[in-house]
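Here is run-v1.txt, consisting of compact mmCIF, C-alpha atoms:
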```
# COMPACT_ATOMS: atom_id res chain seq x y z
CA ARG A 1 75.78 27.87 173.99
CA LEU A 2 74.94 29.71 170.78
CA VAL A 3 73.94 26.47 169.04
CA LEU A 4 71.81 25.65 172.08
CA ALA A 5 70.03 29.01 171.88
CA GLN A 6 69.52 28.53 168.14
CA ALA A 7 68.00 25.10 168.82
CA ALA A 8 65.75 26.68 171.47
CA ALA A 9 64.51 29.25 168.95
CA GLU A 10 63.82 26.48 166.43
CA THR A 11 61.96 24.50 169.10
CA MET A 12 59.80 27.47 170.02
CA GLN A 13 59.06 28.09 166.35
CA SER A 14 58.04 24.48 165.75
CA SER A 15 55.97 24.48 168.98
CA TRP A 16 54.09 27.66 168.15
CA LYS A 17 50.67 26.02 168.23
CA THR A 18 51.45 24.45 171.60
CA LEU A 19 52.60 27.78 173.00
CA THR A 20 49.56 29.71 171.83
CA THR A 21 46.81 27.14 172.54
CA VAL A 22 44.81 27.65 175.73
CA SER A 23 44.62 24.55 177.94
CA ASP A 24 41.37 23.12 179.25
CA GLN A 25 42.39 23.87 182.83
CA ASP A 26 43.04 27.52 181.97
CA LEU A 27 39.58 27.65 180.42
CA ASP A 28 38.04 26.11 183.53
CA ARG A 29 39.80 28.58 185.83
CA ALA A 30 38.79 31.48 183.58
CA ALA A 31 35.16 30.34 183.64
CA VAL A 32 35.20 30.27 187.43
CA GLU A 33 36.62 33.80 187.45
CA GLY A 34 34.00 34.96 184.93
CA LYS A 35 36.40 35.48 182.01
CA SER A 36 35.61 34.46 178.44
CA LYS A 37 37.69 32.25 176.16
CA SER A 38 38.59 35.24 173.99
CA ASP A 39 40.33 36.84 177.00
CA LEU A 40 42.79 33.92 177.14
CA GLU A 41 43.44 33.33 173.44
CA VAL A 42 46.68 34.75 172.14
CA SER A 43 48.13 34.98 168.64
CA SER A 44 51.55 36.19 169.78
CA LEU A 45 53.82 35.71 172.75
CA PRO A 46 55.24 38.43 175.01
CA ALA A 47 58.61 39.45 173.59
CA ASP A 48 60.17 39.86 177.05
CA LYS A 49 59.29 36.27 177.98
CA VAL A 50 60.62 34.88 174.69
CA GLN A 51 63.84 36.84 175.21
CA ALA A 52 64.08 35.51 178.77
CA VAL A 53 63.79 31.94 177.45
CA LEU A 54 66.53 32.55 174.88
CA LYS A 55 68.76 34.22 177.48
CA SER A 56 68.30 31.26 179.81
CA PHE A 57 69.57 28.98 177.04
CA LEU A 58 72.50 31.32 176.38
CA ALA A 59 73.69 31.83 179.93
CA GLY A 60 71.37 30.07 182.38
CA THR A 61 71.21 26.75 184.11
CA ALA A 62 68.74 23.95 183.41
CA SER A 63 66.60 25.20 186.27
CA ASP A 64 66.56 28.70 184.75
CA ARG A 65 65.46 27.24 181.42
CA VAL A 66 62.55 25.38 182.98
CA ASP A 67 61.52 28.46 184.99
CA ARG A 68 61.52 30.72 181.93
CA ILE A 69 59.60 28.23 179.79
CA TRP A 70 57.17 27.72 182.69
CA ASP A 71 56.58 31.51 182.79
CA LEU A 72 56.01 31.50 179.05
CA MET A 73 53.42 28.67 179.26
CA ASP A 74 51.60 30.14 182.30
CA ARG A 75 49.26 32.55 180.53
CA ASP A 76 47.22 33.63 183.55
CA GLN A 77 50.36 34.17 185.70
CA ASP A 78 49.05 32.17 188.65
CA GLY A 79 52.12 29.94 188.82
CA ARG A 80 50.11 26.81 187.99
CA VAL A 81 50.24 24.62 184.93
CA ASP A 82 48.42 21.35 184.44
CA GLU A 83 50.05 18.00 183.80
CA THR A 84 50.04 18.23 180.01
CA GLU A 85 51.53 21.73 180.15
CA MET A 86 54.18 20.51 182.59
CA VAL A 87 55.16 17.77 180.14
CA GLN A 88 55.29 20.34 177.34
CA VAL A 89 57.51 22.60 179.46
CA CYS A 90 59.96 19.76 180.14
CA ASP A 91 59.93 18.64 176.51
CA MET A 92 60.66 22.20 175.39
CA ALA A 93 63.55 22.39 177.86
CA VAL A 94 65.06 19.08 176.73
CA ALA A 95 64.43 19.21 172.96
CA PRO A 96 67.03 21.95 172.25
CA VAL A 97 69.67 19.99 174.17
CA ARG A 98 68.94 16.93 172.06
CA THR A 99 69.09 18.98 168.84
CA CYS A 100 72.35 20.58 169.97
CA LEU A 101 73.88 17.18 170.74
CA GLU A 102 72.88 15.91 167.32
CA LYS A 103 74.35 18.96 165.54
CA SER A 104 77.58 18.72 167.53
CA TRP A 105 77.83 15.02 166.72
CA ASN A 106 77.35 15.62 162.99
CA GLU A 107 79.99 18.35 162.96
CA ALA A 108 82.46 16.20 164.89
CA ILE A 109 81.91 13.18 162.66
CA ASP A 110 82.37 15.32 159.53
CA ALA A 111 85.54 16.96 160.85
CA SER A 112 87.68 13.87 161.18
CA LEU A 113 88.27 10.39 159.90
CA VAL A 114 86.51 7.57 161.71
CA CYS A 115 88.58 4.67 160.39
CA PRO A 116 92.32 4.77 161.00
CA VAL A 117 94.34 5.23 157.81
CA GLU A 118 97.89 4.15 157.25
CA VAL A 119 99.98 6.72 155.39
CA ALA A 120 101.35 3.99 153.14
CA ASP A 121 97.79 3.14 152.06
CA THR A 122 96.97 6.63 150.82
CA LYS A 123 97.55 8.13 147.39
CA ASP A 124 100.44 10.57 146.88
CA VAL A 125 100.71 12.37 150.19
CA THR A 126 102.55 15.61 149.53
CA GLU A 127 104.34 17.69 152.12
CA GLU A 128 101.68 20.41 151.93
CA ALA A 129 98.82 18.01 152.63
CA SER A 130 100.58 16.05 155.36
CA ASP A 131 98.89 18.09 158.12
CA SER A 132 95.38 17.68 156.68
CA ILE A 133 93.34 14.58 156.04
CA PRO A 134 95.17 12.38 153.54
CA LYS A 135 93.62 11.63 150.15
CA LEU A 136 91.86 8.29 150.43
CA THR A 137 91.47 5.54 147.89
CA TRP A 138 87.94 4.68 146.74
CA ARG A 139 87.87 1.64 149.01
CA GLN A 140 88.94 3.70 152.03
CA ARG A 141 86.34 6.39 151.23
CA ARG A 142 83.67 3.70 150.99
CA ARG A 143 84.72 2.14 154.31
CA GLU A 144 84.84 5.61 155.91
CA ALA A 145 81.36 6.52 154.65
CA ALA A 146 79.92 3.21 155.90
CA ALA A 147 81.51 3.68 159.32
CA LYS A 148 80.17 7.26 159.60
CA ARG A 149 76.65 6.13 158.60
CA LYS A 150 76.73 3.35 161.18
CA LEU A 151 77.99 5.65 163.96
CA THR A 152 75.45 8.35 163.10
CA ARG A 153 72.57 5.84 163.06
CA THR A 154 73.69 4.41 166.41
CA PHE A 155 73.97 7.89 167.94
CA LYS A 156 70.48 8.89 166.74
CA GLN A 157 69.04 5.68 168.19
CA MET A 158 70.83 6.37 171.47
CA LEU A 159 69.40 9.89 171.61
CA ALA A 160 65.89 8.64 170.89
CA ARG A 161 66.07 5.97 173.60
CA HIS A 162 68.01 7.95 176.19
CA PHE A 163 65.38 10.53 177.06
CA SER A 164 62.41 8.17 176.94
CA GLU A 165 63.85 4.93 178.37
CA GLU A 166 66.98 5.67 180.39
CA VAL A 167 65.84 8.96 181.89
CA GLU A 168 62.23 7.72 181.99
CA GLN A 169 61.06 11.29 181.53
CA PRO A 170 57.34 10.60 180.95
CA HIS A 171 57.08 8.30 183.97
CA ARG A 172 59.03 10.62 186.24
CA LEU A 173 56.95 13.61 185.22
CA ARG A 174 53.71 11.75 185.97
CA CYS A 175 55.05 10.86 189.43
CA ILE A 176 56.22 14.41 190.13
CA TYR A 177 52.86 15.82 189.13
CA ALA A 178 50.98 13.23 191.20
CA TRP A 179 53.09 13.97 194.31
CA ALA A 180 53.16 17.76 193.93
CA ASN A 181 51.21 20.03 196.23
CA LYS A 182 48.44 21.50 194.16
CA MET A 183 47.18 24.77 195.62
CA HIS A 184 44.06 24.68 193.48
CA GLN A 185 43.11 21.31 195.03
CA ASP A 186 43.55 22.62 198.60
CA ASN A 187 46.73 20.60 199.20
```

Kindly present the structure from the file in structure tokens form.
Amino acid sequence: RLVLAQAAAETMQSSWKTLTTVSDQDLDRAAVEGKSKSDLEVSSLPADKVQAVLKSFLAGTASDRVDRIWDLMDRDQDGRVDETEMVQVCDMAVAPVRTCLEKSWNEAIDASLVCPVEVADTKDVTEEASDSIPKLTWRQRRREAAAKRKLTRTFKQMLARHFSEEVEQPHRLRCIYAWANKMHQDN
């Protein structure tokens, strides 16, 4: 969970411009209410909302994460976000999970051998080192490095395709937004 919260903080930092930019729909609603653009522009985010997002990644569910990020993106506190903001909310909720999976994968792949090694094939295994990873020959190290590179490349490709193709996140979000009741459209 801590790695997940760290990834969420990194995602918020890299998405700073997205978080602080006022959407066109917010500008339209503000114009109808007689507010100026300067009333909506922000250079910082409310600390309590940022802390709520981080706490949701530390101890909350996926639904809690989306709710907290939604609250952070909804600047005028009317409970409405437009389609592009909704996509940004979902991307910000999913991106830390993807980053966390990638970090966990890299740590797991570095912690153990990928290719099985026969004890007879290794160099001088002493009694002290018998519990740890045996010393590998240059050919075994080369084969191990190639196998780790191949597995890591395959995992990164799987992560890239999973959220866009298998989950079909962009398509599903468009459908959800199209079917949702929109109070501002008298639905």

Neighbours of A:Arg141 within 10 Å (all atoms listed in the file; same-chain residues fewer than 5 positions away dropped), as an NGL selection string?
:A and (113 or 115 or 135-136 or 146-147)

For stretch 1-13 of chain A, work out the shell of residues within 10 Å, counting all atoms listed in the file and skipping chain neighbours fewer than 4 positions away, then give it as a JSON list (two decimals) with C-alpha atoms, in the frame of the given file.
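To be explicit, this is the file written out as part_9.json:
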```json
[["chain", "number", "residue", "atom", "x", "y", "z"],
["A", 17, "LYS", "CA", 50.67, 26.02, 168.23],
["A", 18, "THR", "CA", 51.45, 24.45, 171.60],
["A", 19, "LEU", "CA", 52.60, 27.78, 173.00],
["A", 50, "VAL", "CA", 60.62, 34.88, 174.69],
["A", 51, "GLN", "CA", 63.84, 36.84, 175.21],
["A", 53, "VAL", "CA", 63.79, 31.94, 177.45],
["A", 54, "LEU", "CA", 66.53, 32.55, 174.88],
["A", 55, "LYS", "CA", 68.76, 34.22, 177.48],
["A", 56, "SER", "CA", 68.30, 31.26, 179.81],
["A", 57, "PHE", "CA", 69.57, 28.98, 177.04],
["A", 58, "LEU", "CA", 72.50, 31.32, 176.38],
["A", 59, "ALA", "CA", 73.69, 31.83, 179.93],
["A", 60, "GLY", "CA", 71.37, 30.07, 182.38],
["A", 65, "ARG", "CA", 65.46, 27.24, 181.42],
["A", 69, "ILE", "CA", 59.60, 28.23, 179.79],
["A", 91, "ASP", "CA", 59.93, 18.64, 176.51],
["A", 92, "MET", "CA", 60.66, 22.20, 175.39],
["A", 93, "ALA", "CA", 63.55, 22.39, 177.86],
["A", 94, "VAL", "CA", 65.06, 19.08, 176.73],
["A", 95, "ALA", "CA", 64.43, 19.21, 172.96],
["A", 96, "PRO", "CA", 67.03, 21.95, 172.25],
["A", 97, "VAL", "CA", 69.67, 19.99, 174.17],
["A", 98, "ARG", "CA", 68.94, 16.93, 172.06],
["A", 99, "THR", "CA", 69.09, 18.98, 168.84],
["A", 100, "CYS", "CA", 72.35, 20.58, 169.97],
["A", 101, "LEU", "CA", 73.88, 17.18, 170.74],
["A", 103, "LYS", "CA", 74.35, 18.96, 165.54],
["A", 104, "SER", "CA", 77.58, 18.72, 167.53]]
```

To one decimal in Å, tell me the separation between atom CA of A:Arg174 and atom CA of A:Leu45.
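Separation of atom CA of A:Arg174 and atom CA of A:Leu45: 27.4 Å.
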
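You can rank A:Cys90, A:Lys35, A:Lys156, A:Arg29 by their closest distance to A:Leu173 using only C-alpha atoms, and at the top of that list sits A:Cys90.
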
Quick one: of A:Val114, A:Leu159, A:Cys175, A:Leu72, who's nearest to A:Gln140, counting all atoms listed in the file?
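Of the candidates, the smallest distance to A:Gln140 is held by A:Val114.
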
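The two atoms in question, atom CA of A:Thr20 and atom CA of A:Val42, are spaced 5.8 Å apart.
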
Please measure the separation of atom CA of A:Trp16 and atom CA of A:Ala31, giving the value in Å to one decimal.
24.6 Å

Contacts of A:Val81 within 9 Å, only C-alpha atoms, excl. fewer than 2 positions in-chain, as a PyMOL selection string:
chain A and resi 23+25-26+70+73-74+78-79+83-86

Using all atoms listed in the file, which of the listed residues (A:Asn106, A:Thr154, A:Ser44, A:Ser63) sits closest to A:Val89?
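Checking each candidate against A:Val89, we get A:Ser63 as the closest.
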
Using the incomplete input, complete stretch 29-55 of chain A to the level of N, CA, C and O atoms; output as a PDB file, in the frame of the given file.
```
ATOM      1  N   ARG A  29      39.522  27.542 184.838  1.00  0.00           N
ATOM      2  CA  ARG A  29      39.800  28.580 185.830  1.00  0.00           C
ATOM      3  C   ARG A  29      39.250  29.937 185.397  1.00  0.00           C
ATOM      4  O   ARG A  29      38.744  30.710 186.201  1.00  0.00           O
ATOM      5  N   ALA A  30      39.321  30.215 184.087  1.00  0.00           N
ATOM      6  CA  ALA A  30      38.790  31.480 183.580  1.00  0.00           C
ATOM      7  C   ALA A  30      37.272  31.519 183.719  1.00  0.00           C
ATOM      8  O   ALA A  30      36.706  32.574 184.042  1.00  0.00           O
ATOM      9  N   ALA A  31      36.619  30.387 183.501  1.00  0.00           N
ATOM     10  CA  ALA A  31      35.160  30.340 183.640  1.00  0.00           C
ATOM     11  C   ALA A  31      34.745  30.590 185.077  1.00  0.00           C
ATOM     12  O   ALA A  31      33.761  31.290 185.341  1.00  0.00           O
ATOM     13  N   VAL A  32      35.500  30.052 186.017  1.00  0.00           N
ATOM     14  CA  VAL A  32      35.200  30.270 187.430  1.00  0.00           C
ATOM     15  C   VAL A  32      35.371  31.747 187.779  1.00  0.00           C
ATOM     16  O   VAL A  32      34.597  32.304 188.561  1.00  0.00           O
ATOM     17  N   GLU A  33      36.371  32.390 187.177  1.00  0.00           N
ATOM     18  CA  GLU A  33      36.620  33.800 187.450  1.00  0.00           C
ATOM     19  C   GLU A  33      35.731  34.728 186.617  1.00  0.00           C
ATOM     20  O   GLU A  33      35.797  35.945 186.757  1.00  0.00           O
ATOM     21  N   GLY A  34      34.914  34.153 185.733  1.00  0.00           N
ATOM     22  CA  GLY A  34      34.000  34.960 184.930  1.00  0.00           C
ATOM     23  C   GLY A  34      34.623  35.531 183.671  1.00  0.00           C
ATOM     24  O   GLY A  34      34.080  36.467 183.083  1.00  0.00           O
ATOM     25  N   LYS A  35      35.752  35.005 183.236  1.00  0.00           N
ATOM     26  CA  LYS A  35      36.400  35.480 182.010  1.00  0.00           C
ATOM     27  C   LYS A  35      35.917  34.638 180.826  1.00  0.00           C
ATOM     28  O   LYS A  35      35.519  33.490 180.986  1.00  0.00           O
ATOM     29  N   SER A  36      35.992  35.206 179.643  1.00  0.00           N
ATOM     30  CA  SER A  36      35.610  34.460 178.440  1.00  0.00           C
ATOM     31  C   SER A  36      36.846  33.830 177.807  1.00  0.00           C
ATOM     32  O   SER A  36      37.985  34.185 178.115  1.00  0.00           O
ATOM     33  N   LYS A  37      36.596  32.920 176.855  1.00  0.00           N
ATOM     34  CA  LYS A  37      37.690  32.250 176.160  1.00  0.00           C
ATOM     35  C   LYS A  37      38.521  33.239 175.350  1.00  0.00           C
ATOM     36  O   LYS A  37      39.730  33.102 175.249  1.00  0.00           O
ATOM     37  N   SER A  38      37.876  34.254 174.810  1.00  0.00           N
ATOM     38  CA  SER A  38      38.590  35.240 173.990  1.00  0.00           C
ATOM     39  C   SER A  38      39.602  36.049 174.809  1.00  0.00           C
ATOM     40  O   SER A  38      40.577  36.569 174.266  1.00  0.00           O
ATOM     41  N   ASP A  39      39.377  36.141 176.129  1.00  0.00           N
ATOM     42  CA  ASP A  39      40.330  36.840 177.000  1.00  0.00           C
ATOM     43  C   ASP A  39      41.645  36.077 177.113  1.00  0.00           C
ATOM     44  O   ASP A  39      42.698  36.669 177.350  1.00  0.00           O
ATOM     45  N   LEU A  40      41.593  34.750 176.964  1.00  0.00           N
ATOM     46  CA  LEU A  40      42.790  33.920 177.140  1.00  0.00           C
ATOM     47  C   LEU A  40      43.529  33.638 175.836  1.00  0.00           C
ATOM     48  O   LEU A  40      44.719  33.358 175.860  1.00  0.00           O
ATOM     49  N   GLU A  41      42.817  33.666 174.716  1.00  0.00           N
ATOM     50  CA  GLU A  41      43.440  33.330 173.440  1.00  0.00           C
ATOM     51  C   GLU A  41      44.481  34.368 173.052  1.00  0.00           C
ATOM     52  O   GLU A  41      44.265  35.565 173.196  1.00  0.00           O
ATOM     53  N   VAL A  42      45.595  33.864 172.565  1.00  0.00           N
ATOM     54  CA  VAL A  42      46.680  34.750 172.140  1.00  0.00           C
ATOM     55  C   VAL A  42      47.149  34.326 170.746  1.00  0.00           C
ATOM     56  O   VAL A  42      47.120  33.148 170.390  1.00  0.00           O
ATOM     57  N   SER A  43      47.563  35.291 169.949  1.00  0.00           N
ATOM     58  CA  SER A  43      48.130  34.980 168.640  1.00  0.00           C
ATOM     59  C   SER A  43      49.627  35.263 168.621  1.00  0.00           C
ATOM     60  O   SER A  43      50.318  34.917 167.676  1.00  0.00           O
ATOM     61  N   SER A  44      50.119  35.908 169.670  1.00  0.00           N
ATOM     62  CA  SER A  44      51.550  36.190 169.780  1.00  0.00           C
ATOM     63  C   SER A  44      51.975  35.960 171.226  1.00  0.00           C
ATOM     64  O   SER A  44      51.153  35.830 172.125  1.00  0.00           O
ATOM     65  N   LEU A  45      53.257  35.919 171.414  1.00  0.00           N
ATOM     66  CA  LEU A  45      53.820  35.710 172.750  1.00  0.00           C
ATOM     67  C   LEU A  45      54.508  36.989 173.207  1.00  0.00           C
ATOM     68  O   LEU A  45      55.029  37.747 172.386  1.00  0.00           O
ATOM     69  N   PRO A  46      54.547  37.233 174.513  1.00  0.00           N
ATOM     70  CA  PRO A  46      55.240  38.430 175.010  1.00  0.00           C
ATOM     71  C   PRO A  46      56.735  38.364 174.665  1.00  0.00           C
ATOM     72  O   PRO A  46      57.413  37.372 174.946  1.00  0.00           O
ATOM     73  N   ALA A  47      57.214  39.415 174.039  1.00  0.00           N
ATOM     74  CA  ALA A  47      58.610  39.450 173.590  1.00  0.00           C
ATOM     75  C   ALA A  47      59.584  39.330 174.761  1.00  0.00           C
ATOM     76  O   ALA A  47      60.627  38.666 174.633  1.00  0.00           O
ATOM     77  N   ASP A  48      59.260  39.935 175.908  1.00  0.00           N
ATOM     78  CA  ASP A  48      60.170  39.860 177.050  1.00  0.00           C
ATOM     79  C   ASP A  48      60.305  38.436 177.568  1.00  0.00           C
ATOM     80  O   ASP A  48      61.390  38.012 177.974  1.00  0.00           O
ATOM     81  N   LYS A  49      59.218  37.661 177.520  1.00  0.00           N
ATOM     82  CA  LYS A  49      59.290  36.270 177.980  1.00  0.00           C
ATOM     83  C   LYS A  49      60.056  35.384 176.992  1.00  0.00           C
ATOM     84  O   LYS A  49      60.823  34.510 177.402  1.00  0.00           O
ATOM     85  N   VAL A  50      59.873  35.633 175.707  1.00  0.00           N
ATOM     86  CA  VAL A  50      60.620  34.880 174.690  1.00  0.00           C
ATOM     87  C   VAL A  50      62.105  35.186 174.820  1.00  0.00           C
ATOM     88  O   VAL A  50      62.946  34.282 174.766  1.00  0.00           O
ATOM     89  N   GLN A  51      62.438  36.463 175.021  1.00  0.00           N
ATOM     90  CA  GLN A  51      63.840  36.840 175.210  1.00  0.00           C
ATOM     91  C   GLN A  51      64.417  36.214 176.476  1.00  0.00           C
ATOM     92  O   GLN A  51      65.581  35.802 176.495  1.00  0.00           O
ATOM     93  N   ALA A  52      63.607  36.128 177.526  1.00  0.00           N
ATOM     94  CA  ALA A  52      64.080  35.510 178.770  1.00  0.00           C
ATOM     95  C   ALA A  52      64.370  34.033 178.557  1.00  0.00           C
ATOM     96  O   ALA A  52      65.350  33.498 179.090  1.00  0.00           O
ATOM     97  N   VAL A  53      63.538  33.358 177.752  1.00  0.00           N
ATOM     98  CA  VAL A  53      63.790  31.940 177.450  1.00  0.00           C
ATOM     99  C   VAL A  53      65.103  31.804 176.691  1.00  0.00           C
ATOM    100  O   VAL A  53      65.951  30.962 177.033  1.00  0.00           O
ATOM    101  N   LEU A  54      65.297  32.623 175.671  1.00  0.00           N
ATOM    102  CA  LEU A  54      66.530  32.550 174.880  1.00  0.00           C
ATOM    103  C   LEU A  54      67.761  32.887 175.727  1.00  0.00           C
ATOM    104  O   LEU A  54      68.805  32.241 175.602  1.00  0.00           O
ATOM    105  N   LYS A  55      67.642  33.884 176.598  1.00  0.00           N
ATOM    106  CA  LYS A  55      68.760  34.220 177.480  1.00  0.00           C
ATOM    107  C   LYS A  55      69.083  33.094 178.444  1.00  0.00           C
ATOM    108  O   LYS A  55      70.245  32.859 178.778  1.00  0.00           O
TER     109      LYS A  55
END
```
